[in-house]
>>> print(open('my_file_31.txt').read())   # compact mmCIF, C-alpha atoms
# COMPACT_ATOMS: atom_id res chain seq x y z
CA MET H 1 9.27 17.42 -6.16
CA ASP H 2 11.59 18.84 -8.84
CA TYR H 3 9.40 19.03 -11.95
CA LYS H 4 12.23 20.38 -14.13
CA LYS H 5 14.43 17.42 -13.27
CA ASN H 6 11.61 14.98 -14.15
CA GLU H 7 11.04 16.73 -17.45
CA GLN H 8 14.76 16.59 -18.28
CA VAL H 9 14.93 12.88 -17.48
CA LEU H 10 11.82 12.21 -19.58
CA GLN H 11 13.17 14.20 -22.54
CA ARG H 12 16.51 12.36 -22.31
CA LEU H 13 14.78 8.97 -22.30
CA GLU H 14 12.59 9.87 -25.27
CA GLN H 15 15.65 11.14 -27.14
CA LEU H 16 17.57 7.92 -26.50
CA GLN H 17 14.61 5.77 -27.48
CA SER H 18 14.13 7.70 -30.73
CA LYS H 19 17.82 7.29 -31.64
CA HIS H 20 18.30 3.70 -30.47
CA GLU H 21 15.16 1.73 -31.16
CA ILE H 22 15.77 -1.86 -30.04
CA SER H 23 13.90 -4.56 -31.97
CA ILE H 24 14.59 -7.84 -33.73
CA ILE H 25 13.97 -6.24 -37.13
CA LYS H 26 16.42 -3.42 -36.47
CA LEU H 27 19.06 -5.84 -35.20
CA SER H 28 18.66 -8.09 -38.26
CA GLU H 29 19.02 -5.28 -40.82
CA PRO H 30 22.88 -5.47 -41.03
CA ILE H 31 22.70 -9.27 -41.45
CA SER H 32 19.99 -9.16 -44.10
CA ALA H 33 21.75 -6.29 -45.93
CA SER H 34 25.05 -8.19 -46.11
CA THR H 35 23.39 -11.42 -47.36
CA PRO H 36 23.39 -11.80 -51.19
CA GLN H 37 20.02 -12.07 -52.87
CA ASP H 38 20.91 -15.44 -54.42
CA ALA H 39 21.85 -16.91 -51.05
CA ARG H 40 18.39 -16.12 -49.69
CA GLN H 41 16.75 -18.54 -52.09
CA ARG H 42 16.75 -21.96 -50.39
CA THR H 43 14.87 -25.16 -50.94
CA SER H 44 13.79 -25.43 -47.31
CA ASP H 45 10.59 -24.10 -45.82
CA ALA H 46 12.53 -21.36 -44.02
CA SER H 47 13.39 -19.79 -47.41
CA ASN H 48 9.75 -18.93 -47.97
CA VAL H 49 9.90 -16.35 -45.18
CA SER H 50 11.05 -12.93 -46.32
CA LEU H 51 13.91 -11.34 -44.44
CA GLU H 52 12.02 -8.05 -44.42
CA ALA H 53 9.51 -9.65 -42.02
CA THR H 54 12.03 -11.15 -39.63
CA THR H 55 10.61 -12.38 -36.34
CA PRO H 56 12.13 -14.33 -33.42
CA THR H 57 10.38 -17.48 -34.67
CA SER H 58 11.75 -17.07 -38.20
CA LEU H 59 15.24 -16.39 -36.84
CA ALA H 60 15.11 -19.58 -34.78
CA ALA H 61 13.98 -21.54 -37.87
CA ASP H 62 16.80 -19.98 -39.92
CA LEU H 63 19.32 -20.92 -37.23
CA VAL H 64 18.20 -24.55 -37.24
CA HIS H 65 18.26 -24.60 -41.05
CA TYR H 66 21.77 -23.16 -41.26
CA LYS H 67 23.11 -25.57 -38.65
CA ASP H 68 21.75 -28.52 -40.62
CA LEU H 69 23.03 -27.06 -43.89
CA PHE H 70 26.55 -26.43 -42.58
CA SER H 71 26.67 -29.92 -41.10
CA LYS H 72 25.84 -31.40 -44.50
CA LEU H 73 28.33 -29.12 -46.25
CA ARG H 74 31.10 -30.09 -43.84
CA PHE H 75 30.42 -33.79 -44.39
CA SER H 76 30.42 -33.31 -48.18
CA TYR H 77 33.64 -31.27 -48.02
CA VAL H 78 35.45 -33.89 -45.92
CA GLU H 79 34.21 -36.63 -48.21
CA GLN H 80 35.34 -34.84 -51.38
CA VAL H 81 38.76 -33.96 -49.94
CA THR H 82 39.30 -37.53 -48.75
CA LYS H 83 38.40 -38.96 -52.16
CA GLU H 84 40.66 -36.46 -53.92
CA LYS H 85 43.63 -37.32 -51.71
CA PHE H 86 43.02 -41.03 -52.11
CA ILE H 87 42.84 -40.80 -55.93
CA ARG H 88 45.97 -38.63 -56.08
CA ALA H 89 47.82 -41.11 -53.90
CA ILE H 90 46.87 -43.99 -56.22
CA VAL H 91 47.52 -42.34 -59.57
CA GLY H 92 50.65 -40.51 -58.47
CA ASP H 93 54.09 -41.42 -59.74
CA PRO H 94 55.39 -42.88 -57.58
CA PRO H 95 52.23 -43.84 -55.65
CA LEU H 96 51.92 -42.34 -52.17
CA ILE H 97 51.96 -45.11 -49.64
CA VAL H 98 51.10 -44.27 -46.05
CA THR H 99 52.60 -46.54 -43.45
CA THR H 100 51.05 -47.60 -40.14
CA PRO H 101 53.23 -45.32 -37.99
CA GLU H 102 52.24 -42.36 -40.16
CA ASN H 103 48.56 -43.29 -39.70
CA LEU H 104 49.06 -43.46 -35.96
CA GLU H 105 50.76 -40.06 -35.98
CA LEU H 106 47.94 -38.60 -38.07
CA GLU H 107 45.38 -40.12 -35.70
CA LYS H 108 47.15 -38.48 -32.74
CA GLU H 109 47.17 -35.13 -34.53
CA ASN H 110 43.53 -35.63 -35.46
CA ALA H 111 42.63 -36.48 -31.85
CA ALA H 112 44.47 -33.38 -30.61
CA ALA H 113 42.73 -31.23 -33.22
CA LYS H 114 39.36 -32.76 -32.26
CA SER H 115 39.92 -32.08 -28.56
CA GLU H 116 40.94 -28.50 -29.34
CA LEU H 117 37.90 -28.11 -31.59
CA LYS H 118 35.67 -29.51 -28.86
CA ALA H 119 37.12 -27.06 -26.34
CA LEU H 120 36.52 -24.22 -28.79
CA LYS H 121 32.96 -25.43 -29.35
CA ASN H 122 32.35 -25.53 -25.60
CA GLU H 123 33.77 -22.04 -25.26
CA VAL H 124 31.57 -20.81 -28.09
CA ALA H 125 28.54 -22.52 -26.53
CA GLU H 126 29.28 -20.84 -23.21
CA MET H 127 29.68 -17.49 -24.96
CA VAL H 128 26.36 -18.01 -26.77
CA GLU H 129 24.66 -18.96 -23.49
CA GLU H 130 26.13 -15.88 -21.79
CA LEU H 131 25.01 -13.68 -24.69
CA GLU H 132 21.50 -15.15 -24.51
CA ARG H 133 21.38 -14.54 -20.77
CA LYS H 134 22.58 -10.97 -21.19
CA GLY H 135 20.11 -10.48 -24.01
CA ARG H 136 17.23 -11.63 -21.80
CA ASP H 137 18.43 -9.37 -18.99
CA LEU H 138 18.71 -6.43 -21.34
CA SER H 139 15.25 -7.18 -22.72
CA ARG H 140 13.76 -7.19 -19.23
CA GLN H 141 15.60 -3.99 -18.33
CA TYR H 142 14.41 -2.36 -21.56
CA GLU H 143 10.82 -3.31 -20.81
CA ALA H 144 11.20 -2.03 -17.23
CA VAL H 145 12.60 1.27 -18.54
CA GLY H 146 9.63 1.52 -20.91
CA LEU H 147 7.15 1.00 -18.07
CA LYS H 148 8.97 3.48 -15.85
CA THR H 149 8.97 5.97 -18.71
CA ILE H 150 5.19 5.67 -18.93
CA ASP H 151 4.94 6.17 -15.16
CA LEU H 152 7.24 9.18 -15.44
CA ARG H 153 4.99 10.72 -18.09
CA GLU H 154 1.95 10.23 -15.85
CA LEU H 155 3.74 11.35 -12.67
CA PRO H 156 3.27 15.17 -13.03
CA SER H 157 -0.49 14.86 -13.51
CA LYS H 158 -0.75 12.47 -10.56
CA ILE H 159 1.25 14.86 -8.38
CA GLU H 160 -1.03 17.75 -9.35
CA ASP H 161 -4.11 15.68 -8.52
CA LEU H 162 -2.65 14.72 -5.14
CA GLU H 163 -1.76 18.32 -4.34
CA MET H 164 -5.29 19.44 -5.23
CA ARG H 165 -6.68 16.67 -3.05
CA ILE H 166 -4.42 17.75 -0.15
CA GLU H 167 -5.62 21.35 -0.48
CA GLU H 168 -9.25 20.21 -0.50
CA LEU H 169 -8.68 18.14 2.63
CA ARG H 170 -6.96 21.05 4.36
CA GLU H 171 -9.83 23.37 3.50
CA SER H 172 -12.41 20.83 4.66
CA GLN H 173 -10.57 20.24 7.95
CA THR H 174 -9.93 23.92 8.75
CA THR H 175 -11.32 24.68 12.22
CA PRO H 176 -13.72 27.68 12.26
CA THR H 177 -13.21 30.60 14.68
CA GLY H 178 -14.54 30.02 18.18
CA SER H 179 -14.45 26.24 18.00
CA ASN H 180 -12.61 23.90 20.33
CA PRO H 181 -8.92 24.99 20.42
CA ASN H 182 -7.87 21.41 21.26
CA LEU H 183 -8.58 20.46 17.66
CA ASN H 184 -5.68 22.63 16.47
CA LEU H 185 -3.06 21.24 18.84
CA PRO H 186 0.14 19.70 17.45
CA LEU H 187 0.73 15.98 17.67
CA ALA H 188 2.82 16.04 20.89
CA LYS H 189 0.30 18.16 22.81
CA THR H 190 -2.57 16.10 21.41
CA LEU H 191 -0.95 12.92 22.75
CA ASP H 192 -0.44 14.57 26.15
CA LEU H 193 -4.07 15.66 26.21
CA ILE H 194 -5.18 12.15 25.29
CA ALA H 195 -3.06 10.69 28.11
CA LYS H 196 -4.55 13.20 30.57
CA ARG H 197 -8.10 12.41 29.48
CA LYS H 198 -7.41 8.68 29.77
CA LYS H 199 -6.08 9.19 33.30
CA GLU H 200 -9.21 11.16 34.26
CA GLN H 201 -11.36 8.47 32.70
CA GLN H 202 -9.59 5.80 34.75
CA GLU H 203 -10.12 7.84 37.96
CA LEU H 204 -13.81 8.27 37.16
CA ALA H 205 -14.05 4.56 36.44
CA ARG H 206 -12.52 3.77 39.86
CA GLU H 207 -14.91 6.19 41.60
CA LEU H 208 -17.84 4.68 39.75
CA GLU H 209 -16.72 1.21 40.74
CA SER H 210 -16.47 2.21 44.42
CA LEU H 211 -19.92 3.82 44.27
CA GLN H 212 -21.32 0.71 42.65
CA VAL H 213 -19.87 -1.30 45.56
CA LYS H 214 -21.52 1.08 48.08
CA ALA H 215 -24.83 1.21 46.22
CA PRO H 216 -26.37 -2.04 47.66
CA ARG H 217 -25.60 -0.96 51.24
CA LYS H 218 -27.08 2.50 50.67
CA ARG H 219 -30.11 0.94 49.03
CA LYS H 220 -30.67 -1.30 52.05
CA GLU H 221 -30.28 1.68 54.40
CA ALA H 222 -32.80 3.67 52.37
CA GLU H 223 -35.25 0.76 52.53
CA ARG H 224 -34.78 0.61 56.31
CA LEU H 225 -35.42 4.35 56.71
CA ARG H 226 -38.45 4.11 54.45
CA THR H 227 -39.77 1.30 56.61
CA GLU H 228 -39.16 3.35 59.77
CA LEU H 229 -40.84 6.46 58.31
CA GLN H 230 -43.92 4.61 57.18
CA PRO H 231 -45.57 4.50 60.68
CA MET H 232 -44.62 8.13 61.28
CA GLU H 233 -46.16 9.13 57.94
CA THR H 234 -49.32 7.28 58.83
CA LYS H 235 -49.40 8.97 62.22
CA ARG H 236 -48.87 12.41 60.57
CA GLN H 237 -51.75 11.81 58.18
CA ASN H 238 -53.99 10.81 61.06
CA SER H 239 -52.95 13.89 63.06
CA MET H 240 -53.64 16.20 60.12
CA THR H 241 -57.02 14.60 59.61
CA ALA H 242 -57.85 14.97 63.31
CA ALA H 243 -56.70 18.62 63.35
CA LYS H 244 -58.82 19.45 60.33
CA GLU H 245 -61.78 17.79 61.93
CA ALA H 246 -61.24 19.67 65.25
CA ARG H 247 -60.90 22.97 63.44
CA ARG H 248 -64.05 22.33 61.50
CA ARG H 249 -65.95 21.58 64.72
CA LYS H 250 -64.53 24.69 66.41
CA GLU H 251 -65.50 26.91 63.52
CA ALA H 252 -68.93 25.41 63.50
CA ALA H 253 -69.29 26.03 67.27
CA LEU H 254 -68.14 29.72 67.08
CA GLY H 255 -70.31 30.48 64.09
CA GLY H 256 -67.75 32.41 62.09
CA ALA H 257 -66.15 34.38 64.97
CA ALA H 258 -62.99 32.35 64.61
CA ASP H 259 -62.35 33.77 61.20
CA ASP H 260 -62.58 37.35 62.48
CA LEU H 261 -60.29 36.61 65.41
CA GLU H 262 -57.79 34.95 63.10
CA GLU H 263 -57.75 37.94 60.75
CA ARG H 264 -57.21 40.35 63.66
CA ALA H 265 -54.42 38.24 64.99
CA ARG H 266 -52.70 38.29 61.59
CA TRP H 267 -53.08 42.10 61.39
CA TRP H 268 -51.64 42.60 64.89
CA ARG H 269 -48.75 40.23 64.14
CA ALA H 270 -47.95 42.06 60.87
CA SER H 271 -48.08 45.45 62.63
CA GLU H 272 -45.76 44.17 65.33
CA ASN H 273 -43.25 42.99 62.75
CA VAL H 274 -43.30 46.37 60.94
CA LEU H 275 -42.81 48.35 64.16
CA THR H 276 -40.02 46.03 65.26
CA GLN H 277 -38.15 46.50 62.00
CA VAL H 278 -38.72 50.29 61.92
CA LEU H 279 -37.72 50.91 65.51
CA ASP H 280 -34.99 48.26 65.42
CA ILE H 281 -36.30 46.64 68.56
CA LYS H 282 -34.65 43.39 69.59
CA ASN H 283 -36.12 40.78 71.82
>>> encode(input="my_file_31.txt", output="structure tokens")
Amino acid sequence: MDYKKNEQVLQRLEQLQSKHEISIIKLSEPISASTPQDARQRTSDASNVSLEATTPTSLAADLVHYKDLFSKLRFSYVEQVTKEKFIRAIVGDPPLIVTTPENLELEKENAAAKSELKALKNEVAEMVEELERKGRDLSRQYEAVGLKTIDLRELPSKIEDLEMRIEELRESQTTPTGSNPNLNLPLAKTLDLIAKRKKEQQELARELESLQVKAPRKRKEAERLRTELQPMETKRQNSMTAAKEARRRKEAALGGAADDLEERARWWRASENVLTQVLDIKN
């Protein structure tokens, strides 16, 4: 982000706004300055509003007032001119007599003048409508520029906050030495590693599924072997019990001589093993 460019744009906007302040009061200053003080005093309610405190509402009221006033003045002017011409025609020497063809010609000229005036009025109305539309567009653009200027003033501080936040996140996500190196892989290698792990997971899932299919059969086989081993286990327990009982009876019959014979046999067997290993004698 080019901070110098942002600052230059902001300074240029502030300079333009300070030189060209757009408001209804500023726009009405040339009109109010060119209006004579006597002309400001009117008998209508709109005259009670001072031109120094011009507002859009007061301007609209003034416009309506002036339209009504000019309409009355035009009617009075036409009436006075018509009376003056009529009186001059009567008292003139010789009297001015207007014939019917002259009246028809004047009516044609009047109709042509009226049509031309109507066309001019329509043109003026269209121009006024276009000016109003452009004025609204300019007002919206001016407001948008004002809002963007505020955003532009706040933009450097927001950028600094975001950069500080990015640095904090980078520091918090820094991988310590000796940790898993896969955490520092770039995006492409990370995606490859994820695809590999997913493939291994799918293979393990298939193996697990096949083992789950084989599990009932293996369980049944284990139950069968357990059932077959049960009689053999019982037989082994009985044999061990019988052997212990026979040994006990034998020891009781020999009166302790069996223990001495057993110890001697162990000694001779141990001596034989030692001699065999020392002399490397093979069977």
>>> atom_distance(input="my_file_31.txt", atom1="CA of Lys158 (chain H)", atom2="CA of Glu7 (chain H)")
14.3 Å
>>> atom_distance(input="my_file_31.txt", atom1="CA of Ala111 (chain H)", atom2="CA of Phe86 (chain H)")
20.8 Å
>>> atom_distance(input="my_file_31.txt", atom1="CA of Asp137 (chain H)", atom2="CA of Thr55 (chain H)")
19.3 Å
